[in-house]
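S.K.: Take a look at coords.txt, compact mmCIF, C-alpha atoms and all ligand atoms:
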```txt
# COMPACT_ATOMS: atom_id res chain seq x y z
CA MET A 1425 76.38 96.13 96.47
CA GLU A 1426 78.26 94.77 99.47
CA ILE A 1427 77.90 91.75 101.73
CA HIS A 1428 79.90 90.68 104.76
CA ILE A 1429 81.01 87.14 105.48
CA ASN A 1430 82.81 86.77 108.80
CA HIS A 1431 85.72 89.22 108.44
CA THR A 1432 85.54 89.65 104.69
CA THR A 1433 83.57 92.09 102.57
CA ILE A 1434 82.49 91.08 99.08
CA SER A 1435 81.62 94.08 96.97
CA LEU A 1436 80.47 94.63 93.41
CA LYS A 1437 80.98 97.83 91.47
CA ARG A 1438 81.16 99.12 87.93
CA GLY A 1439 84.50 100.55 86.87
CA ASP A 1440 87.90 100.25 85.28
CA ILE A 1441 89.97 97.78 87.29
CA THR A 1442 93.24 99.51 86.40
CA LYS A 1443 92.16 102.39 88.65
CA GLU A 1444 91.51 100.21 91.69
CA ASP A 1445 93.29 100.97 94.90
CA ALA A 1446 93.63 97.35 96.08
CA ASP A 1447 96.67 95.35 97.20
CA ALA A 1448 96.23 93.25 94.07
CA ILE A 1449 94.17 93.41 90.90
CA VAL A 1450 93.53 90.32 88.83
CA ASN A 1451 94.20 90.18 85.10
CA ALA A 1452 92.25 87.96 82.70
CA ALA A 1453 95.38 86.74 80.92
CA ASN A 1454 96.20 84.10 78.30
CA SER A 1455 98.39 81.03 78.80
CA ARG A 1456 101.39 82.64 77.15
CA LEU A 1457 101.14 85.67 79.44
CA ALA A 1458 101.68 87.55 76.21
CA GLY A 1459 99.30 90.44 76.75
CA GLY A 1460 96.38 91.13 74.47
CA GLY A 1461 93.17 93.15 74.35
CA GLY A 1462 90.43 93.67 76.93
CA VAL A 1463 91.39 94.00 80.56
CA ASP A 1464 94.82 92.46 79.85
CA GLY A 1465 95.69 95.23 77.37
CA ALA A 1466 94.39 97.90 79.75
CA ILE A 1467 96.44 96.60 82.68
CA HIS A 1468 99.72 96.43 80.73
CA LYS A 1469 99.09 99.86 79.23
CA ALA A 1470 98.39 101.49 82.59
CA GLY A 1471 100.97 99.51 84.58
CA GLY A 1472 103.91 99.90 82.21
CA PRO A 1473 106.59 97.52 80.87
CA GLU A 1474 107.76 96.15 84.22
CA ILE A 1475 104.70 93.89 84.34
CA MET A 1476 105.44 92.34 80.94
CA ASP A 1477 109.12 91.89 81.88
CA GLU A 1478 108.04 89.74 84.82
CA CYS A 1479 105.47 87.89 82.70
CA ASN A 1480 108.20 87.06 80.19
CA LYS A 1481 110.39 85.67 82.95
CA ILE A 1482 107.55 83.49 84.26
CA GLY A 1483 106.81 82.37 80.70
CA LYS A 1484 103.41 80.68 80.87
CA CYS A 1485 100.41 79.78 82.98
CA GLU A 1486 97.98 76.93 82.37
CA PRO A 1487 94.21 77.59 82.23
CA GLY A 1488 92.83 77.42 85.78
CA ASN A 1489 96.07 78.72 87.25
CA ALA A 1490 97.43 82.11 88.27
CA VAL A 1491 100.80 83.83 88.69
CA ILE A 1492 101.76 87.06 90.39
CA THR A 1493 103.84 90.05 89.27
CA THR A 1494 104.46 93.59 90.38
CA GLY A 1495 101.76 96.17 89.77
CA GLY A 1496 104.30 98.43 88.08
CA MET A 1497 102.89 101.94 87.86
CA LEU A 1498 99.41 100.89 88.98
CA LYS A 1499 98.00 101.86 92.36
CA ALA A 1500 97.78 98.15 93.11
CA ARG A 1501 101.01 96.66 94.41
CA TYR A 1502 100.53 93.36 92.57
CA VAL A 1503 98.86 91.99 89.48
CA ILE A 1504 97.66 88.41 89.68
CA HIS A 1505 97.42 87.00 86.16
CA ALA A 1506 94.75 84.31 85.97
CA VAL A 1507 93.96 82.24 82.91
CA GLY A 1508 90.32 81.31 82.43
CA PRO A 1509 88.89 78.82 79.95
CA VAL A 1510 88.02 79.59 76.36
CA TYR A 1511 84.29 78.83 76.31
CA LYS A 1512 83.19 76.26 73.74
CA ASP A 1513 79.81 74.80 74.69
CA GLY A 1514 79.94 74.26 78.45
CA ASN A 1515 80.94 70.59 78.05
CA HIS A 1516 84.69 71.09 77.93
CA ASN A 1517 85.40 71.48 81.64
CA GLU A 1518 84.90 75.22 81.38
CA GLU A 1519 83.20 75.53 84.77
CA ASN A 1520 85.96 73.68 86.66
CA ILE A 1521 88.68 75.65 84.92
CA LEU A 1522 87.00 78.97 85.64
CA SER A 1523 86.48 78.08 89.29
CA ALA A 1524 90.10 76.92 89.58
CA ALA A 1525 91.31 80.23 88.13
CA TYR A 1526 89.47 82.20 90.83
CA GLU A 1527 90.57 79.81 93.58
CA SER A 1528 94.21 80.03 92.42
CA CYS A 1529 94.04 83.83 92.73
CA LEU A 1530 92.56 83.65 96.21
CA ARG A 1531 95.20 81.17 97.42
CA LEU A 1532 98.03 83.15 95.90
CA ALA A 1533 96.69 86.32 97.51
CA VAL A 1534 96.43 84.74 100.95
CA SER A 1535 99.92 83.23 100.66
CA ARG A 1536 101.33 86.72 99.93
CA GLY A 1537 99.49 88.41 102.81
CA ILE A 1538 97.27 90.34 100.40
CA GLU A 1539 94.18 91.72 102.14
CA THR A 1540 92.31 93.45 99.34
CA ILE A 1541 91.86 92.04 95.85
CA ALA A 1542 89.88 93.18 92.81
CA PHE A 1543 88.64 90.77 90.12
CA PRO A 1544 87.37 91.43 86.62
CA SER A 1545 84.85 89.05 85.07
CA ILE A 1546 87.35 86.43 83.85
CA SER A 1547 86.63 84.69 80.50
CA THR A 1548 83.46 86.66 79.67
CA GLY A 1549 85.02 88.90 77.01
CA ALA A 1550 87.21 87.49 74.26
CA TYR A 1551 86.94 83.99 75.74
CA GLY A 1552 83.17 83.98 75.31
CA TYR A 1553 81.92 82.55 78.62
CA PRO A 1554 78.25 83.58 79.10
CA THR A 1555 78.33 86.24 81.81
CA GLU A 1556 75.49 84.97 83.96
CA ALA A 1557 76.89 81.44 84.17
CA ALA A 1558 80.39 82.81 84.78
CA SER A 1559 79.15 85.10 87.54
CA ILE A 1560 77.66 82.16 89.42
CA VAL A 1561 80.94 80.23 89.16
CA ALA A 1562 83.01 83.25 90.23
CA LEU A 1563 80.85 84.16 93.21
CA LYS A 1564 80.33 80.56 94.34
CA THR A 1565 84.08 80.00 94.32
CA VAL A 1566 84.64 83.10 96.44
CA LEU A 1567 81.88 82.15 98.90
CA ASN A 1568 83.22 78.60 99.22
CA HIS A 1569 86.74 79.88 99.71
CA LEU A 1570 85.59 82.09 102.57
CA LYS A 1571 83.60 79.26 104.12
CA ASN A 1572 86.60 76.93 104.03
CA ASN A 1573 89.42 79.36 104.78
CA GLY A 1574 88.09 82.12 107.00
CA HIS A 1575 90.71 84.74 107.81
CA GLY A 1576 93.09 86.47 105.45
CA LEU A 1577 91.28 88.55 102.89
CA LYS A 1578 89.48 91.65 104.11
CA LEU A 1579 87.97 92.81 100.82
CA ILE A 1580 87.15 90.94 97.62
CA ARG A 1581 85.79 93.28 94.99
CA PHE A 1582 84.42 92.52 91.54
CA VAL A 1583 84.96 95.41 89.16
CA LEU A 1584 82.54 95.03 86.27
CA PHE A 1585 83.03 96.97 83.09
CA SER A 1586 79.38 97.69 82.25
CA ASP A 1587 76.10 98.36 84.04
CA VAL A 1588 74.68 95.22 82.45
CA ASP A 1589 77.49 93.06 83.83
CA LEU A 1590 77.17 94.68 87.26
CA GLU A 1591 73.45 93.91 87.27
CA ILE A 1592 74.10 90.28 86.30
CA TYR A 1593 76.64 89.85 89.12
CA ARG A 1594 74.31 91.59 91.59
CA HIS A 1595 71.47 89.25 90.68
CA SER A 1596 73.71 86.17 90.99
CA LEU A 1597 75.09 87.24 94.36
CA ASN A 1598 71.58 87.83 95.73
CA LYS A 1599 70.54 84.41 94.45
CA LEU A 1600 73.53 82.62 96.00
CA VAL A 1601 73.18 84.38 99.36
CA ALA A 1602 69.45 83.59 99.47
CA SER A 1603 70.13 79.91 98.72
CA GLN A 1604 72.68 79.70 101.55
CA ASN A 1605 70.28 81.06 104.19
N1 LIG B 1 88.33 96.95 83.85
C1 LIG B 1 87.45 95.98 84.19
N2 LIG B 1 86.95 95.08 83.30
C2 LIG B 1 87.34 95.20 82.02
C3 LIG B 1 88.26 96.16 81.59
C4 LIG B 1 88.76 97.08 82.56
N3 LIG B 1 89.64 98.04 82.26
N4 LIG B 1 88.46 96.00 80.24
C5 LIG B 1 87.68 94.97 79.86
N5 LIG B 1 86.99 94.48 80.92
P1 LIG B 1 88.54 90.04 78.44
P2 LIG B 1 88.78 87.10 78.73
C6 LIG B 1 86.03 93.36 81.00
O1 LIG B 1 88.29 89.90 76.98
O2 LIG B 1 87.39 86.90 78.21
C7 LIG B 1 92.83 89.12 76.21
O3 LIG B 1 93.24 89.41 74.93
C8 LIG B 1 85.35 92.92 79.74
O4 LIG B 1 84.26 93.78 79.43
O5 LIG B 1 89.45 91.10 78.91
O6 LIG B 1 89.20 86.33 79.94
C9 LIG B 1 93.81 88.21 76.95
O7 LIG B 1 95.14 88.44 76.55
C10 LIG B 1 84.87 91.52 80.15
O8 LIG B 1 83.66 91.62 80.90
O9 LIG B 1 89.11 88.64 79.08
C11 LIG B 1 93.34 86.84 76.58
O10 LIG B 1 93.89 86.42 75.33
C12 LIG B 1 85.96 91.04 81.10
O11 LIG B 1 86.75 92.20 81.43
C13 LIG B 1 91.85 87.00 76.45
O12 LIG B 1 91.62 88.37 76.14
C14 LIG B 1 86.88 89.98 80.52
O13 LIG B 1 87.11 90.21 79.14
C15 LIG B 1 91.13 86.69 77.74
O14 LIG B 1 89.75 86.76 77.53
```
Using structure tokens, write down the structure from this file.
M.R.:
Amino acid sequence: MEIHINHTTISLKRGDITKEDADAIVNAANSRLAGGGGVDGAIHKAGGPEIMDECNKIGKCEPGNAVITTGGMLKARYVIHAVGPVYKDGNHNEENILSAAYESCLRLAVSRGIETIAFPSISTGAYGYPTEAASIVALKTVLNHLKNNGHGLKLIRFVLFSDVDLEIYRHSLNKLVASQN
């Protein structure tokens, strides 16, 4: 699925984000930038040790924030490491932290002249954020960013790891677009 907002395309697809041919791919990292399982493990495995070397130099990243490193051996030139919230019950500022994580990535990308960026579904794996609620936060943050910032990014792609997740994001995007019209 694809929609166009001014000069930017938002697209949703199923796939493995490590294979994406974008200027930057986003990693769902932890605060210690220490690597781990899920998409984080896959990115470090595919991208090689240069990415972890840079993460070690940076040291840490608070939840809601993002940092940038090389893409190492990946097709993508950069990896943006974003830290989402660990989901407890929805009453621990999870929504604001998740939105801030996406917004931090978008700002960092624009400040580096990045035109194409691919996101995974941050926090919805090991960190336990319910996917439907997280998809609304993710997509709303992107739509608001485009409304308030306009130029810069040409393509924002969500790369979902399963058909179920893709369907959830598709449904949420349709809902948000319908509510804006
Ligand atoms: N491409 C795209 N999406 C993927 C891939 C992939 N190759 N692999 C997994 N996903 P998670 P989190 C999906 O757990 O919840 C790590 O250990 C996955 O199906 O990767 O933010 C970190 O070091 C899910 O939908 O990230 C942190 O400690 C989504 O990516 C912690 O997990 C996010 O799942 C972060 O947890």
S.K.: Can you work out the spacing between atom CA of A:Ile1560 and atom CA of A:Thr1548 in Å, to one decimal?
M.R.: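 Distance between the two atoms: 12.2 Å.
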S.K.: Would you mind telling me which residue in A:Ile1434, A:Glu1478, A:Ile1546, A:Thr1555 lies nearest to A:Val1588 when using all atoms listed in the file?
M.R.: A:Thr1555
S.K.: Around (83.8, 92.1, 84.3) in the file's own coordinates, what residues are found within 12 Å if you use only C-alpha atoms, given back as an NGL selection string?
M.R.: :A and (1436-1441 or 1450-1452 or 1462-1464 or 1542-1550 or 1553-1556 or 1558-1559 or 1562 or 1581-1594)
S.K.: Using all atoms listed in the file, which of A:Leu1532, A:Cys1485, A:Leu1457, A:Ile1580 sits nearest ligand LIG 1 (chain B)?
M.R.: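 Looking at the shortest contact to ligand LIG 1 (chain B), the residue is A:Leu1457.
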S.K.: Once you add 4 Å to each side, what are the centre and edge lengths of the axis-aligned box holding all listed atoms of ligand LIG 1 (chain B)? One decimal in Å, as AutoDock Vina command-line options, if you can.
M.R.:
```
--center_x 89.4 --center_y 92.2 --center_z 79.6 --size_x 19.5 --size_y 19.7 --size_z 17.3
```
S.K.: Given only C-alpha atoms and all ligand atoms as the basis, pick out the residue of A:Ala1500, A:Leu1522, A:Ala1557, A:Ala1446 nearest to ligand LIG 1 (chain B).
M.R.: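 Distance minimum relative to ligand LIG 1 (chain B) lands on A:Leu1522.
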S.K.: Find the residues around stretch 1599-1602 of chain A up to 9 Å (only C-alpha atoms counted), leave out those fewer than 3 positions away in its own chain, and share them as a count of residues only.
M.R.: 8
S.K.: What is the distance, in Å and to one decimal place, between atom CA of A:Leu1570 and atom CA of A:Ile1429?
M.R.: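 These two atoms are separated by 7.4 Å.
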S.K.: How would stretch 1431-1454 of chain A look with N, CA and C atoms restored, written as a compact mmCIF listing (two decimals), keeping the file's coordinate frame?
M.R.:
```txt
# COMPACT_ATOMS: atom_id res chain seq x y z
N HIS A 1431 84.92 87.99 108.43
CA HIS A 1431 85.72 89.22 108.44
C HIS A 1431 85.97 89.79 107.05
N THR A 1432 85.28 89.24 106.08
CA THR A 1432 85.54 89.65 104.69
C THR A 1432 84.33 90.34 104.07
N THR A 1433 84.62 91.40 103.34
CA THR A 1433 83.57 92.09 102.57
C THR A 1433 83.67 91.66 101.12
N ILE A 1434 82.54 91.31 100.53
CA ILE A 1434 82.49 91.08 99.08
C ILE A 1434 81.72 92.25 98.50
N SER A 1435 82.33 92.94 97.55
CA SER A 1435 81.62 94.08 96.97
C SER A 1435 81.63 94.00 95.46
N LEU A 1436 80.61 94.59 94.87
CA LEU A 1436 80.47 94.63 93.41
C LEU A 1436 80.37 96.08 93.00
N LYS A 1437 81.12 96.46 91.97
CA LYS A 1437 80.98 97.83 91.47
C LYS A 1437 81.26 97.86 89.97
N ARG A 1438 80.82 98.93 89.33
CA ARG A 1438 81.16 99.12 87.93
C ARG A 1438 82.40 99.99 87.87
N GLY A 1439 83.33 99.69 86.97
CA GLY A 1439 84.50 100.55 86.87
C GLY A 1439 85.58 99.95 86.00
N ASP A 1440 86.70 100.66 86.02
CA ASP A 1440 87.90 100.25 85.28
C ASP A 1440 88.87 99.71 86.33
N ILE A 1441 89.19 98.43 86.23
CA ILE A 1441 89.97 97.78 87.29
C ILE A 1441 91.38 98.36 87.41
N THR A 1442 91.88 98.96 86.34
CA THR A 1442 93.24 99.51 86.40
C THR A 1442 93.33 100.68 87.38
N LYS A 1443 92.18 101.24 87.74
CA LYS A 1443 92.16 102.39 88.65
C LYS A 1443 91.99 101.98 90.11
N GLU A 1444 91.83 100.69 90.35
CA GLU A 1444 91.51 100.21 91.69
C GLU A 1444 92.67 100.36 92.67
N ASP A 1445 92.31 100.80 93.84
CA ASP A 1445 93.29 100.97 94.90
C ASP A 1445 93.23 99.74 95.83
N ALA A 1446 93.65 98.59 95.29
CA ALA A 1446 93.63 97.35 96.08
C ALA A 1446 95.06 96.85 96.20
N ASP A 1447 95.32 95.93 97.13
CA ASP A 1447 96.67 95.35 97.20
C ASP A 1447 97.01 94.65 95.88
N ALA A 1448 96.01 93.95 95.34
CA ALA A 1448 96.23 93.25 94.07
C ALA A 1448 95.02 93.39 93.17
N ILE A 1449 95.26 93.55 91.87
CA ILE A 1449 94.17 93.41 90.90
C ILE A 1449 94.46 92.17 90.08
N VAL A 1450 93.39 91.54 89.61
CA VAL A 1450 93.53 90.32 88.83
C VAL A 1450 93.40 90.66 87.35
N ASN A 1451 94.24 90.03 86.55
CA ASN A 1451 94.20 90.18 85.10
C ASN A 1451 93.60 88.92 84.49
N ALA A 1452 92.75 89.10 83.48
CA ALA A 1452 92.25 87.96 82.70
C ALA A 1452 93.25 87.74 81.56
N ALA A 1453 94.24 86.90 81.83
CA ALA A 1453 95.38 86.74 80.92
C ALA A 1453 95.19 85.55 79.98
N ASN A 1454 96.17 85.33 79.12
CA ASN A 1454 96.20 84.10 78.30
C ASN A 1454 97.38 83.25 78.76
```
